[in-house]
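Chemist: Handing you this structure, nothing more for now.
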Amino acid sequence: MGKTTLAAASALGLAARGRRTLLVSTDPAHSTGDILQVELGPEPRAVVADFFAMEIDPAVEVDRYIESVKRRISESVAPRLLDEVERQVDIARVSPGAEEAALFERFTRIIEAKAERFERIVFDTAPTGQTLRLLSLPELMSTWIGGLIGRRKKVNAMGRMWRNVAGSSTPERSGEDPVLRALEERRARFHRARQALTDARMTAFAFVLIPERLPIWETEKAVGALSKYGIPVGAMFVNQVLPAEPVEAFLIRRKEREAEHLARIERVLGDWPIVRVPLLDRDPVGVDALRALAERFASRV
């Protein structure tokens, strides 16, 4: 049981209380459908009463995002330059941040489009590092887009000035600048997204961690990063806590379940070396402890 399981359980709990709820998975692992035992896609699917779920494929979102950029460019770039500009856009597809930008584009559209249909939207996000980059985009992109808008306005003003000075007989394109319009629309969307993300009445970020040293350190740093961007934290789900019942009975049942899973691993994944790493009674911290752990399976890898 992990992050996706708890996200699904939380969303189902909201639906059980009569809140029409949408669960959105942005995790590339796409295990939400497996957990719910339903086939999910990029649009909401009804699972049970008041509960809907969907899975977003980051690769598909990047492709869609790049195509939308190309369409906007084709409206304003001279035909002789279009091929080269599109080539540069295709190169940008694999640049750092392209996936996060595409996901955030879809993220904001889901919030805007689905808010009227659903009372609650639960996002099962990717691992912490990628999610923090995603959530920092409104702050970073708003400033960047503001700069682009300013430069675009200057270019348009210079173009009009030079046409007047040169006495050009070429008629100016009628209507507004499509690039400027797209930039201003995006800035407005990022502004609305930032308002939603930083409003504690609307949004709360929940962490899932286990009671071990490294996950706690990671969560402490992530909380600080969210605080920097003004995103409220709502809860900490501490996972894999031993039950209050007698530990011996619990461990016997756990051992029986583990044996079933280990047998399946041997059966379906036995074509590769299988290294069993033992559950330790403490975190292996420091070079000596990590070296001792490595020696336990050095002969198998």
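Note on naming: chains are A, B, ... as they come in the structure tokens, residues start from 1 per chain, ligands start from 1 in the order shown.
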Any idea what's packed within 10 Å of range 206-213 of chain A, counting only C-alpha atoms, ignoring anything in its chain fewer than 2 positions away? Could you give it as number ranges by chain?

Modeler: A: 2-4, 6-7, 123-124, 128, 203-204, 215-219, 222-223, 232-241, 282-285

Chemist: As an exercise, work out the distance from CA of Thr5 in chain A to CA of Ala53 in chain A in Å and give it to one decimal place.

Modeler: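 According to the coordinates, CA of Thr5 in chain A and CA of Ala53 in chain A are separated by 13.0 Å.
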
Chemist: Report as a PyMOL selection string: the residues of range 157-298 of chain A with a DSSP assignment of helix (DSSP H, G or I), based on the backbone of this structure.

Modeler: chain A and resi 157-166+178-197+213-228+247-269+287-298

Chemist: So, counting only C-alpha atoms, which residue among A:Lys114, A:Arg189, A:Leu132, A:Glu260 is closest to Ala225 in chain A?

Modeler: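 Nearest to Ala225 in chain A: A:Leu132.
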
Chemist: With only C-alpha atoms as the counted atoms, please give the residues lying no more than 6 Å from Ala15 in chain A, apart from itself and same-chain residues fewer than 5 positions off, as a PyMOL selection string.

Modeler: chain A and resi 20-21+50-51
